[in-house]
Amino acid sequence: MAALVGFSAPAFAQTNDPASETVQLAPVDVVDTQAPAPAYTGFDPVDTGVSVIGETGIAAHESGSGDAMDIVRLLPNVRFDIDQGEVDRDNYLDLRPSEISIAGGQPYDNLFRLDGVRISNVTDTSNDNPYNYNEIAGAGSQTVFLDPGLIGAIELRDSNVSARYGDFSGGVVDVQVRDPGEEFGVTLRAGYRSDDLVDYIYEDGIDVTGADAPPTFLRTRIQASVDIPVNERFGLLVSLARQEAEVDYNVSEGYGGGIRGMESSSDNVLVKGVYDFSDTLSLNSTLIWSPYESQASNQNGIDNLITTHGGGLTARTELAGETGETDWSIQLAYLDADMSREAPAANFSFDSDAPSIDYCTNTNCSSGGFGDLEQHQRDLQLEGDFTRPFLGGTLSGGAEWSFTEARRQRTEDAYAYSRGTYNANVVCADAANDPACIDGEIALPTRFVYAAYDAQAEIMQTSAWLEQERDFGPVTLRGGLRWTHDDFLDNHDVAGRLSAAWQIVEDWTLTGGLNRYYAGDFVGYALREAYPDLIRETRDPVVSGTDLIYSPDDWTLNRVTRLSSYRQADLETPYSDEATLALTFPAFTGVGRIKAVQRWHRDQIVRQPVISLDETADGDTFTRRVYFPSNEGNTDYLGLSAEWSGSWRNHALTLNVNWSDTTTRAEGYGDYFDELDTEELLTDLVIYEDEILALAEVNAISTRANFATPLTANASLVSSWFNDALTTTLWLSWRDEYETIADTGVNETRDGVRYDVYGEQVREAFLTTDLNILYTLPETEYGQVGLEARITNLFSELPYTDYSSSSPWQQGRSIWLGVNYTY
């Protein structure tokens, strides 16, 4: 909406004719400025659950970090990890998108799409420990992800979702790559953030004397795009983007102290082409390669670098056309996501008394890792849909077929050697093939064998949907059905979708919906079922005089540790039933919406308490602890929200507030998994409710409460100044007080061991003020340069994230600085 934002003062001039009463005005200079785009759009009176953050909204609100999901904090019914933004070296190193909960669902209950390709992860995403000997830490809910600068729009559906969408019980996040421009253009962008641009703060009353120094880090981001209109019918978009993070980690004093720099990187290579055969037929194809790598190295060791992978390849082509009164499209897509890791094949724990072991001063010195792990998810997807007039309304429908292969494997045995002591009489019989033996010094007589394995699961899925929308006077009815079957759970799931919108008066619409959503597949149990047991081998030397001769051929089986096993069982598909009511109405210069969403999440997969089963292998009968999955989990969610978006002159203002209540009931049951580590390897233990538990188990207990902040509110003001040369975004985001499980800061010693004590804590309310500034210099024949500053938590308010006595820091004001160029 154009608005008068400036004018010259009018001058009055009398004519020479004294009888004349005509008054002439001097020329008026009018500056006509388009109001900026609002933070998000949507507000559809029928499709009341959809919100769209467009390209300009993304540019105005992103923090510069490269995390596209951070922007959806703008939207009601979306919740984040309470510790998002925690001052933690791993957080600064992690370039993956944030995990989100939609309408009370788990972060892995959402459907993620990237330019039409389903990118939801079907494997386990619970592990975040890169040192876990059997688990991958690079997997997230989104198998691949894109730099925000390449995104044309983010569509998020939190309720009243059309039958077109399936494989979710939370919500739908549809990320769309922008189309090629109609004119040739070049865009370059670069920016950075470092610890010098972060204000590290801490709570009053905390003594930071002796605490570790705050993290030092550098994060950079560059992007280059070229729009190429090849001819009137064919356009190309070619883009490269790269994010990097460098973080300094402290090295244990026993290993010389100092720092060890770790790196991570995320790349995007994108080619998108649009070819119009005619006005009624077009071909749209996208190729995205988005590899991700992140390093990790335990501070208590050397030569233990682990490189975790993520991201991968997506390819998609769509043929869309119009035949008579029917609009149709056919799409073929392929996804290859790599979530593997690279690590040294063997771990050693040597006695530091051995002369060659001079790299640490501890009693025992560690080196090496736990071997490579391969993990891939490959999807082939085919879908088609149509829309046409039918029986006085609009009929839509479609079908989908997909084949998914999930695979995790250790291609060769890995080893962990230990228990040896220094002895000058050690003789290595075959030193070249015995890495755990040093002549005249030491031989390690014990090793754990992490046997090679190959775990694979395949899913073939077929879906079909049909939906009719028709007006009956002031009422619009939309009814649909979606059927899905796969050969993994072998369930036939039929989901009904019904929505009715009543236009009470002009532009005032009351909409109600009753819907069911079935979750997507999960194969984590099937992969873990193939894990081998932990083998312990020992060897004794051959004594020859004073010589102790050790040979790599003398290893013998000492013990088999029967790991707790996870078994696939007959499961129902988790689902969510929903009732929703929304009122959409004009208000002032914009549009408002009041909405209620009630969800009943049922048949959620949880882990049953352990049972013991007798098994036989290689003639040996033994008892194994076994976990079976169950459909005993359920969550109730109620969300109430009020939203308004409008513009005035050169400003766009968006306001919303959301209250929600999330209640999870799975008494006696846990999340998907506990840690696989055996007692010998469990070192990260804490006290919770007077019990000594693995920290991973405590985190699992707290996960469901974590994404359930009861009250949030947002206010976004986007303003354009000086003929659009300056754009500012002021974003206020409120999170009410919140109860969660956290480190209490208290330590307790039991049997000579010191433990952190965890307990329920109330996090105080937090208001963050973000300010983004973009100033564009005057255009020249060589293009245009823009300068940007993106300031998060402008007033350095305490975010009340987790901290510890050794690291009491929290993130205050944080600044991202950047420059961009367009031609």
# chains A, B, ... in the order shown; residues from 1 in each chain; ligands from 1
call {"tool": "closest_atom_pairs", "arguments": {"of": "region 475-555 of chain A", "to": "region 600-620 of chain A", "cutoff": "12 Å", "atoms": "only C-alpha atoms", "output": "Markdown table"}}
result
| residue | atom | partner | partner_atom | distance |
| --- | --- | --- | --- | --- |
| A:Leu514 | CA | A:Trp600 | CA | 11.7 |
| A:Asn515 | CA | A:Trp600 | CA | 10.7 |
| A:Arg516 | CA | A:Trp600 | CA | 9.5 |
| A:Tyr517 | CA | A:His601 | CA | 9.3 |
| A:Tyr518 | CA | A:His601 | CA | 9.7 |
| A:Ala519 | CA | A:Gln604 | CA | 9.1 |
| A:Gly520 | CA | A:Gln604 | CA | 11.5 |
| A:Asp521 | CA | A:Ile605 | CA | 10.9 |
| A:Phe522 | CA | A:Ile605 | CA | 9.4 |
| A:Val523 | CA | A:Ile605 | CA | 11.4 |
| A:Gly524 | CA | A:Ile605 | CA | 11.1 |
| A:Tyr525 | CA | A:Arg607 | CA | 10.0 |
| A:Pro532 | CA | A:Ala617 | CA | 11.9 |
| A:Asp533 | CA | A:Ala617 | CA | 11.2 |
call {"tool": "atom_distance", "arguments": {"atom1": "CA of Gly473 (chain A)", "atom2": "CA of Ala501 (chain A)"}}
result
10.8 Å
call {"tool": "closest_residue", "arguments": {"among": "A:Ser340, A:Thr286, A:Ser126, A:Ser645", "to": "Ala406 (chain A)", "atoms": "only C-alpha atoms"}}
result
A:Ser340
call {"tool": "closest_atom_pairs", "arguments": {"of": "region 95-179 of chain A", "to": "region 83-90 of chain A", "cutoff": "12 Å", "atoms": "only C-alpha atoms", "output": "JSON lines"}}
result
{"residue": "A:Leu95", "atom": "CA", "partner": "A:Asp90", "partner_atom": "CA", "distance": 9.8}
{"residue": "A:Arg96", "atom": "CA", "partner": "A:Asp90", "partner_atom": "CA", "distance": 11.3}
{"residue": "A:Pro97", "atom": "CA", "partner": "A:Gln84", "partner_atom": "CA", "distance": 11.0}
{"residue": "A:Ser98", "atom": "CA", "partner": "A:Gln84", "partner_atom": "CA", "distance": 7.9}
{"residue": "A:Glu99", "atom": "CA", "partner": "A:Gln84", "partner_atom": "CA", "distance": 9.3}
{"residue": "A:Ile100", "atom": "CA", "partner": "A:Gln84", "partner_atom": "CA", "distance": 10.4}
{"residue": "A:Asp128", "atom": "CA", "partner": "A:Asp90", "partner_atom": "CA", "distance": 9.9}
{"residue": "A:Asn129", "atom": "CA", "partner": "A:Asp90", "partner_atom": "CA", "distance": 10.2}
{"residue": "A:Pro130", "atom": "CA", "partner": "A:Asp90", "partner_atom": "CA", "distance": 10.5}
{"residue": "A:Ala137", "atom": "CA", "partner": "A:Asp90", "partner_atom": "CA", "distance": 11.7}
call {"tool": "write_last_selection", "arguments": {"atoms": "C-alpha atoms", "output": "CSV table (one decimal), in the first residue's frame"}}
result
chain,number,residue,atom,x,y,z
A,95,LEU,CA,25.8,-25.4,11.8
A,96,ARG,CA,22.7,-27.6,11.5
A,97,PRO,CA,19.1,-26.2,11.8
A,98,SER,CA,17.5,-25.9,15.1
A,99,GLU,CA,15.1,-28.6,16.2
A,100,ILE,CA,11.5,-27.5,16.6
A,128,ASP,CA,24.4,-35.9,20.2
A,129,ASN,CA,27.6,-37.5,21.5
A,130,PRO,CA,30.2,-37.7,18.7
A,137,ALA,CA,25.9,-37.6,16.1
call {"tool": "closest_residue", "arguments": {"among": "A:Gly301, A:Pro229, A:Gly321, A:Gly57", "to": "Gly256 (chain A)", "atoms": "only C-alpha atoms"}}
result
A:Gly301
call {"tool": "closest_residue", "arguments": {"among": "A:Val269, A:Asp570, A:Ala789, A:Glu203", "to": "Gly812 (chain A)", "atoms": "only C-alpha atoms"}}
result
A:Glu203
call {"tool": "residues_around", "arguments": {"residues": "region 158-160 of chain A", "least_positions_apart": "3", "cutoff": "8 Å", "atoms": "only C-alpha atoms", "output": "count of residues only"}}
result
19
call {"tool": "residues_around", "arguments": {"residues": "region 800-806 of chain A", "least_positions_apart": "5", "cutoff": "9 Å", "atoms": "only C-alpha atoms", "output": "list of chain:residue names"}}
result
A:Ile82, A:Asp83, A:Gln84, A:Gly85, A:Glu86, A:Val87, A:Asp88, A:Glu203, A:Ile206, A:Asp207, A:Val208, A:Gly210, A:Ala211, A:Asp212, A:Ala213, A:Ala742, A:Asp743, A:Thr744, A:Gly745, A:Val746, A:Arg763, A:Glu764, A:Ala765, A:Phe766, A:Gln811
call {"tool": "select_by_dssp", "arguments": {"residues": "region 43-161 of chain A", "states": "helix (DSSP H, G or I)", "output": "PDB file with N, CA, C and O atoms, in the first residue's frame"}}
result
ATOM      1  N   GLU A  55      10.529 -14.303   1.091  1.00  0.00           N
ATOM      2  CA  GLU A  55      11.938 -13.990   0.898  1.00  0.00           C
ATOM      3  C   GLU A  55      12.340 -12.703   1.614  1.00  0.00           C
ATOM      4  O   GLU A  55      13.388 -12.640   2.265  1.00  0.00           O
ATOM      5  N   THR A  56      11.490 -11.665   1.533  1.00  0.00           N
ATOM      6  CA  THR A  56      11.824 -10.409   2.213  1.00  0.00           C
ATOM      7  C   THR A  56      11.692 -10.555   3.723  1.00  0.00           C
ATOM      8  O   THR A  56      12.453  -9.945   4.486  1.00  0.00           O
ATOM      9  N   GLY A  57      10.729 -11.366   4.185  1.00  0.00           N
ATOM     10  CA  GLY A  57      10.599 -11.607   5.611  1.00  0.00           C
ATOM     11  C   GLY A  57      11.798 -12.351   6.176  1.00  0.00           C
ATOM     12  O   GLY A  57      12.263 -12.073   7.295  1.00  0.00           O
ATOM     13  N   ILE A  58      12.318 -13.306   5.411  1.00  0.00           N
ATOM     14  CA  ILE A  58      13.512 -14.035   5.833  1.00  0.00           C
ATOM     15  C   ILE A  58      14.704 -13.087   5.918  1.00  0.00           C
ATOM     16  O   ILE A  58      15.453 -13.080   6.907  1.00  0.00           O
ATOM     17  N   ALA A  59      14.891 -12.276   4.882  1.00  0.00           N
ATOM     18  CA  ALA A  59      16.020 -11.340   4.870  1.00  0.00           C
ATOM     19  C   ALA A  59      15.930 -10.347   6.019  1.00  0.00           C
ATOM     20  O   ALA A  59      16.949  -9.943   6.588  1.00  0.00           O
ATOM     21  N   ALA A  60      14.703  -9.953   6.377  1.00  0.00           N
ATOM     22  CA  ALA A  60      14.539  -8.945   7.424  1.00  0.00           C
ATOM     23  C   ALA A  60      14.775  -9.519   8.810  1.00  0.00           C
ATOM     24  O   ALA A  60      15.216  -8.795   9.715  1.00  0.00           O
ATOM     25  N   HIS A  61      14.508 -10.816   9.024  1.00  0.00           N
ATOM     26  CA  HIS A  61      14.494 -11.354  10.376  1.00  0.00           C
ATOM     27  C   HIS A  61      15.608 -12.343  10.683  1.00  0.00           C
ATOM     28  O   HIS A  61      15.816 -12.661  11.863  1.00  0.00           O
ATOM     29  N   ALA A  68      17.971 -21.407   9.153  1.00  0.00           N
ATOM     30  CA  ALA A  68      16.679 -20.961   8.628  1.00  0.00           C
ATOM     31  C   ALA A  68      15.548 -21.213   9.622  1.00  0.00           C
ATOM     32  O   ALA A  68      14.557 -20.485   9.638  1.00  0.00           O
ATOM     33  N   MET A  69      15.688 -22.235  10.476  1.00  0.00           N
ATOM     34  CA  MET A  69      14.615 -22.538  11.419  1.00  0.00           C
ATOM     35  C   MET A  69      14.503 -21.494  12.522  1.00  0.00           C
ATOM     36  O   MET A  69      13.447 -21.343  13.140  1.00  0.00           O
ATOM     37  N   ASP A  70      15.564 -20.759  12.802  1.00  0.00           N
ATOM     38  CA  ASP A  70      15.491 -19.736  13.843  1.00  0.00           C
ATOM     39  C   ASP A  70      14.412 -18.708  13.530  1.00  0.00           C
ATOM     40  O   ASP A  70      13.821 -18.114  14.436  1.00  0.00           O
ATOM     41  N   ILE A  71      14.121 -18.517  12.252  1.00  0.00           N
ATOM     42  CA  ILE A  71      13.157 -17.500  11.839  1.00  0.00           C
ATOM     43  C   ILE A  71      11.733 -17.883  12.239  1.00  0.00           C
ATOM     44  O   ILE A  71      10.898 -17.006  12.488  1.00  0.00           O
ATOM     45  N   VAL A  72      11.439 -19.176  12.341  1.00  0.00           N
ATOM     46  CA  VAL A  72      10.069 -19.572  12.653  1.00  0.00           C
ATOM     47  C   VAL A  72       9.740 -19.374  14.129  1.00  0.00           C
ATOM     48  O   VAL A  72       8.628 -19.698  14.562  1.00  0.00           O
ATOM     49  N   ARG A  73      10.676 -18.836  14.919  1.00  0.00           N
ATOM     50  CA  ARG A  73      10.324 -18.358  16.257  1.00  0.00           C
ATOM     51  C   ARG A  73       9.215 -17.316  16.197  1.00  0.00           C
ATOM     52  O   ARG A  73       8.519 -17.057  17.170  1.00  0.00           O
ATOM     53  N   LEU A  74       9.058 -16.694  15.023  1.00  0.00           N
ATOM     54  CA  LEU A  74       8.012 -15.705  14.824  1.00  0.00           C
ATOM     55  C   LEU A  74       6.614 -16.273  14.994  1.00  0.00           C
ATOM     56  O   LEU A  74       5.664 -15.533  15.277  1.00  0.00           O
ATOM     57  N   ARG A  89      30.480 -24.565  23.523  1.00  0.00           N
ATOM     58  CA  ARG A  89      31.342 -24.659  22.341  1.00  0.00           C
ATOM     59  C   ARG A  89      30.717 -25.502  21.245  1.00  0.00           C
ATOM     60  O   ARG A  89      30.833 -25.191  20.069  1.00  0.00           O
ATOM     61  N   ASP A  90      30.044 -26.578  21.651  1.00  0.00           N
ATOM     62  CA  ASP A  90      29.403 -27.428  20.641  1.00  0.00           C
ATOM     63  C   ASP A  90      28.302 -26.669  19.900  1.00  0.00           C
ATOM     64  O   ASP A  90      28.083 -26.888  18.704  1.00  0.00           O
ATOM     65  N   ASN A  91      27.588 -25.783  20.584  1.00  0.00           N
ATOM     66  CA  ASN A  91      26.545 -24.997  19.927  1.00  0.00           C
ATOM     67  C   ASN A  91      27.136 -24.060  18.892  1.00  0.00           C
ATOM     68  O   ASN A  91      26.585 -23.868  17.805  1.00  0.00           O
ATOM     69  N   TYR A  92      28.257 -23.415  19.226  1.00  0.00           N
ATOM     70  CA  TYR A  92      28.882 -22.501  18.273  1.00  0.00           C
ATOM     71  C   TYR A  92      29.445 -23.247  17.067  1.00  0.00           C
ATOM     72  O   TYR A  92      29.552 -22.695  15.973  1.00  0.00           O
ATOM     73  N   LEU A  93      29.796 -24.515  17.276  1.00  0.00           N
ATOM     74  CA  LEU A  93      30.358 -25.304  16.184  1.00  0.00           C
ATOM     75  C   LEU A  93      29.279 -25.896  15.286  1.00  0.00           C
ATOM     76  O   LEU A  93      29.516 -26.168  14.111  1.00  0.00           O
ATOM     77  N   PRO A 107      10.193 -33.126  18.011  1.00  0.00           N
ATOM     78  CA  PRO A 107      10.918 -32.539  16.872  1.00  0.00           C
ATOM     79  C   PRO A 107      11.002 -33.457  15.665  1.00  0.00           C
ATOM     80  O   PRO A 107      11.074 -32.981  14.527  1.00  0.00           O
ATOM     81  N   TYR A 108      10.988 -34.788  15.903  1.00  0.00           N
ATOM     82  CA  TYR A 108      11.062 -35.722  14.777  1.00  0.00           C
ATOM     83  C   TYR A 108       9.676 -36.118  14.268  1.00  0.00           C
ATOM     84  O   TYR A 108       9.546 -37.005  13.437  1.00  0.00           O
ATOM     85  N   ASP A 109       8.618 -35.461  14.768  1.00  0.00           N
ATOM     86  CA  ASP A 109       7.258 -35.748  14.306  1.00  0.00           C
ATOM     87  C   ASP A 109       6.818 -34.853  13.154  1.00  0.00           C
ATOM     88  O   ASP A 109       5.656 -34.915  12.730  1.00  0.00           O
ATOM     89  N   PRO A 148      19.701 -19.768   4.311  1.00  0.00           N
ATOM     90  CA  PRO A 148      18.501 -18.922   4.208  1.00  0.00           C
ATOM     91  C   PRO A 148      18.516 -17.986   3.006  1.00  0.00           C
ATOM     92  O   PRO A 148      17.448 -17.613   2.497  1.00  0.00           O
ATOM     93  N   GLY A 149      19.709 -17.597   2.540  1.00  0.00           N
ATOM     94  CA  GLY A 149      19.786 -16.691   1.398  1.00  0.00           C
ATOM     95  C   GLY A 149      19.302 -17.298   0.103  1.00  0.00           C
ATOM     96  O   GLY A 149      19.099 -16.574  -0.884  1.00  0.00           O
ATOM     97  N   LEU A 150      19.113 -18.629   0.066  1.00  0.00           N
ATOM     98  CA  LEU A 150      18.650 -19.302  -1.149  1.00  0.00           C
ATOM     99  C   LEU A 150      17.171 -19.655  -1.088  1.00  0.00           C
ATOM    100  O   LEU A 150      16.629 -20.238  -2.016  1.00  0.00           O
TER     101      LEU A 150
END
call {"tool": "atom_distance", "arguments": {"atom1": "CA of Gly646 (chain A)", "atom2": "CA of Gly42 (chain A)"}}
result
12.2 Å
call {"tool": "atom_distance", "arguments": {"atom1": "CA of Glu441 (chain A)", "atom2": "CA of Asp553 (chain A)"}}
result
19.4 Å
call {"tool": "closest_residue", "arguments": {"among": "A:Val560, A:Ala35, A:Leu685, A:Ala245", "to": "Thr621 (chain A)", "atoms": "only C-alpha atoms"}}
result
A:Val560
call {"tool": "closest_residue", "arguments": {"among": "A:Leu557, A:Ala451, A:Ile136, A:Leu711", "to": "Met339 (chain A)", "atoms": "only C-alpha atoms"}}
result
A:Ile136
call {"tool": "residues_around", "arguments": {"residues": "Tyr415 (chain A)", "least_positions_apart": "6", "cutoff": "7 Å", "atoms": "only C-alpha atoms", "output": "list of chain:residue names"}}
result
A:Ala345, A:Ala346, A:Asn347, A:Phe370, A:Arg447, A:Phe448, A:Val449, A:Tyr450
call {"tool": "closest_residue", "arguments": {"among": "A:Glu529, A:Asp770, A:Asp554, A:Asp430", "to": "Pro541 (chain A)", "atoms": "only C-alpha atoms"}}
result
A:Asp554
call {"tool": "residues_around", "arguments": {"residues": "region 351-360 of chain A", "least_positions_apart": "5", "cutoff": "10 Å", "atoms": "only C-alpha atoms", "output": "PyMOL selection string"}}
result
chain A and resi 252-257+300-302+365-367+418-424+438+440-444
call {"tool": "write_last_selection", "arguments": {"atoms": "N, CA and C atoms", "output": "PDB file, in the first residue's frame"}}
result
ATOM      1  N   SER A 252      42.848 -30.848  28.197  1.00  0.00           N
ATOM      2  CA  SER A 252      43.084 -31.214  29.587  1.00  0.00           C
ATOM      3  C   SER A 252      44.517 -30.901  29.986  1.00  0.00           C
ATOM      4  N   GLU A 253      44.682 -30.466  31.237  1.00  0.00           N
ATOM      5  CA  GLU A 253      46.021 -30.151  31.735  1.00  0.00           C
ATOM      6  C   GLU A 253      46.928 -31.372  31.659  1.00  0.00           C
ATOM      7  N   GLY A 254      46.342 -32.554  31.807  1.00  0.00           N
ATOM      8  CA  GLY A 254      47.141 -33.762  31.714  1.00  0.00           C
ATOM      9  C   GLY A 254      47.734 -33.983  30.340  1.00  0.00           C
ATOM     10  N   TYR A 255      47.189 -33.310  29.335  1.00  0.00           N
ATOM     11  CA  TYR A 255      47.687 -33.426  27.965  1.00  0.00           C
ATOM     12  C   TYR A 255      48.333 -32.124  27.494  1.00  0.00           C
ATOM     13  N   GLY A 256      48.812 -31.346  28.436  1.00  0.00           N
ATOM     14  CA  GLY A 256      49.568 -30.150  28.107  1.00  0.00           C
ATOM     15  C   GLY A 256      48.782 -28.871  28.147  1.00  0.00           C
ATOM     16  N   GLY A 257      47.469 -28.957  28.368  1.00  0.00           N
ATOM     17  CA  GLY A 257      46.656 -27.751  28.412  1.00  0.00           C
ATOM     18  C   GLY A 257      46.595 -27.050  27.057  1.00  0.00           C
ATOM     19  N   ASN A 300      40.697 -35.199  26.611  1.00  0.00           N
ATOM     20  CA  ASN A 300      41.536 -36.152  27.334  1.00  0.00           C
ATOM     21  C   ASN A 300      42.075 -37.205  26.379  1.00  0.00           C
ATOM     22  N   GLY A 301      42.898 -36.782  25.451  1.00  0.00           N
ATOM     23  CA  GLY A 301      43.480 -37.716  24.506  1.00  0.00           C
ATOM     24  C   GLY A 301      44.148 -36.997  23.361  1.00  0.00           C
ATOM     25  N   ILE A 302      44.828 -37.782  22.523  1.00  0.00           N
ATOM     26  CA  ILE A 302      45.448 -37.250  21.311  1.00  0.00           C
ATOM     27  C   ILE A 302      45.058 -38.153  20.146  1.00  0.00           C
ATOM     28  N   CYS A 365      47.345 -42.748  29.524  1.00  0.00           N
ATOM     29  CA  CYS A 365      47.236 -41.761  28.440  1.00  0.00           C
ATOM     30  C   CYS A 365      46.464 -42.367  27.279  1.00  0.00           C
ATOM     31  N   SER A 366      45.483 -41.624  26.787  1.00  0.00           N
ATOM     32  CA  SER A 366      44.581 -42.122  25.761  1.00  0.00           C
ATOM     33  C   SER A 366      44.924 -41.540  24.397  1.00  0.00           C
ATOM     34  N   SER A 367      44.766 -42.351  23.381  1.00  0.00           N
ATOM     35  CA  SER A 367      44.917 -41.888  22.004  1.00  0.00           C
ATOM     36  C   SER A 367      43.997 -42.702  21.112  1.00  0.00           C
ATOM     37  N   SER A 418      43.748 -51.661  26.331  1.00  0.00           N
ATOM     38  CA  SER A 418      43.988 -51.051  27.642  1.00  0.00           C
ATOM     39  C   SER A 418      44.664 -52.035  28.583  1.00  0.00           C
ATOM     40  N   ARG A 419      44.904 -51.573  29.825  1.00  0.00           N
ATOM     41  CA  ARG A 419      45.286 -52.351  31.004  1.00  0.00           C
ATOM     42  C   ARG A 419      46.779 -52.671  31.113  1.00  0.00           C
ATOM     43  N   GLY A 420      47.624 -52.293  30.222  1.00  0.00           N
ATOM     44  CA  GLY A 420      49.033 -52.654  30.312  1.00  0.00           C
ATOM     45  C   GLY A 420      49.819 -51.767  31.262  1.00  0.00           C
ATOM     46  N   THR A 421      50.977 -52.252  31.746  1.00  0.00           N
ATOM     47  CA  THR A 421      51.888 -51.465  32.583  1.00  0.00           C
ATOM     48  C   THR A 421      53.292 -51.517  31.988  1.00  0.00           C
ATOM     49  N   TYR A 422      54.068 -50.537  32.348  1.00  0.00           N
ATOM     50  CA  TYR A 422      55.438 -50.445  31.833  1.00  0.00           C
ATOM     51  C   TYR A 422      56.277 -51.604  32.350  1.00  0.00           C
ATOM     52  N   ASN A 423      57.006 -52.245  31.429  1.00  0.00           N
ATOM     53  CA  ASN A 423      57.926 -53.327  31.776  1.00  0.00           C
ATOM     54  C   ASN A 423      58.995 -53.380  30.699  1.00  0.00           C
ATOM     55  N   ALA A 424      60.231 -53.200  31.099  1.00  0.00           N
ATOM     56  CA  ALA A 424      61.340 -53.157  30.143  1.00  0.00           C
ATOM     57  C   ALA A 424      61.586 -54.498  29.480  1.00  0.00           C
ATOM     58  N   ILE A 438      54.910 -52.010  22.400  1.00  0.00           N
ATOM     59  CA  ILE A 438      56.101 -51.195  22.189  1.00  0.00           C
ATOM     60  C   ILE A 438      57.280 -51.954  22.793  1.00  0.00           C
ATOM     61  N   GLY A 440      60.338 -53.258  24.604  1.00  0.00           N
ATOM     62  CA  GLY A 440      61.086 -52.789  25.754  1.00  0.00           C
ATOM     63  C   GLY A 440      60.328 -51.838  26.646  1.00  0.00           C
ATOM     64  N   GLU A 441      59.018 -51.704  26.416  1.00  0.00           N
ATOM     65  CA  GLU A 441      58.257 -50.749  27.216  1.00  0.00           C
ATOM     66  C   GLU A 441      56.927 -51.310  27.726  1.00  0.00           C
ATOM     67  N   ILE A 442      56.047 -51.676  26.821  1.00  0.00           N
ATOM     68  CA  ILE A 442      54.687 -51.993  27.270  1.00  0.00           C
ATOM     69  C   ILE A 442      53.947 -52.768  26.190  1.00  0.00           C
ATOM     70  N   ALA A 443      53.074 -53.635  26.635  1.00  0.00           N
ATOM     71  CA  ALA A 443      52.114 -54.305  25.751  1.00  0.00           C
ATOM     72  C   ALA A 443      50.761 -54.281  26.447  1.00  0.00           C
ATOM     73  N   LEU A 444      49.737 -53.991  25.701  1.00  0.00           N
ATOM     74  CA  LEU A 444      48.388 -53.917  26.267  1.00  0.00           C
ATOM     75  C   LEU A 444      47.747 -55.289  26.142  1.00  0.00           C
TER      76      LEU A 444
END
call {"tool": "decode", "arguments": {"residues": "region 185-193 of chain A", "atoms": "N, CA, C and O atoms", "output": "CSV table (one decimal), in the first residue's frame"}}
result
chain,number,residue,atom,x,y,z
A,185,GLY,N,21.2,-11.2,-13.2
A,185,GLY,CA,21.6,-10.5,-11.9
A,185,GLY,C,22.6,-11.4,-11.2
A,185,GLY,O,22.7,-12.6,-11.3
A,186,VAL,N,23.5,-10.7,-10.4
A,186,VAL,CA,24.5,-11.3,-9.6
A,186,VAL,C,24.3,-10.8,-8.1
A,186,VAL,O,24.1,-9.6,-7.9
A,187,THR,N,24.3,-11.7,-7.2
A,187,THR,CA,24.3,-11.4,-5.8
A,187,THR,C,25.4,-12.0,-5.0
A,187,THR,O,25.7,-13.2,-5.2
A,188,LEU,N,26.1,-11.2,-4.3
A,188,LEU,CA,27.2,-11.7,-3.4
A,188,LEU,C,26.9,-11.3,-2.0
A,188,LEU,O,26.5,-10.1,-1.8
A,189,ARG,N,27.2,-12.1,-1.0
A,189,ARG,CA,27.0,-11.8,0.4
A,189,ARG,C,28.0,-12.5,1.2
A,189,ARG,O,28.4,-13.6,1.0
A,190,ALA,N,28.5,-11.7,2.2
A,190,ALA,CA,29.5,-12.3,3.2
A,190,ALA,C,29.2,-11.6,4.5
A,190,ALA,O,28.8,-10.5,4.7
A,191,GLY,N,29.5,-12.4,5.6
A,191,GLY,CA,29.4,-11.9,6.9
A,191,GLY,C,30.1,-12.8,8.0
A,191,GLY,O,30.5,-13.9,7.6
A,192,TYR,N,30.1,-12.3,9.2
A,192,TYR,CA,30.8,-13.0,10.2
A,192,TYR,C,30.3,-12.6,11.6
A,192,TYR,O,29.7,-11.6,11.8
A,193,ARG,N,30.6,-13.5,12.6
A,193,ARG,CA,30.4,-13.2,14.0
A,193,ARG,C,31.5,-13.9,14.7
A,193,ARG,O,31.9,-15.0,14.3
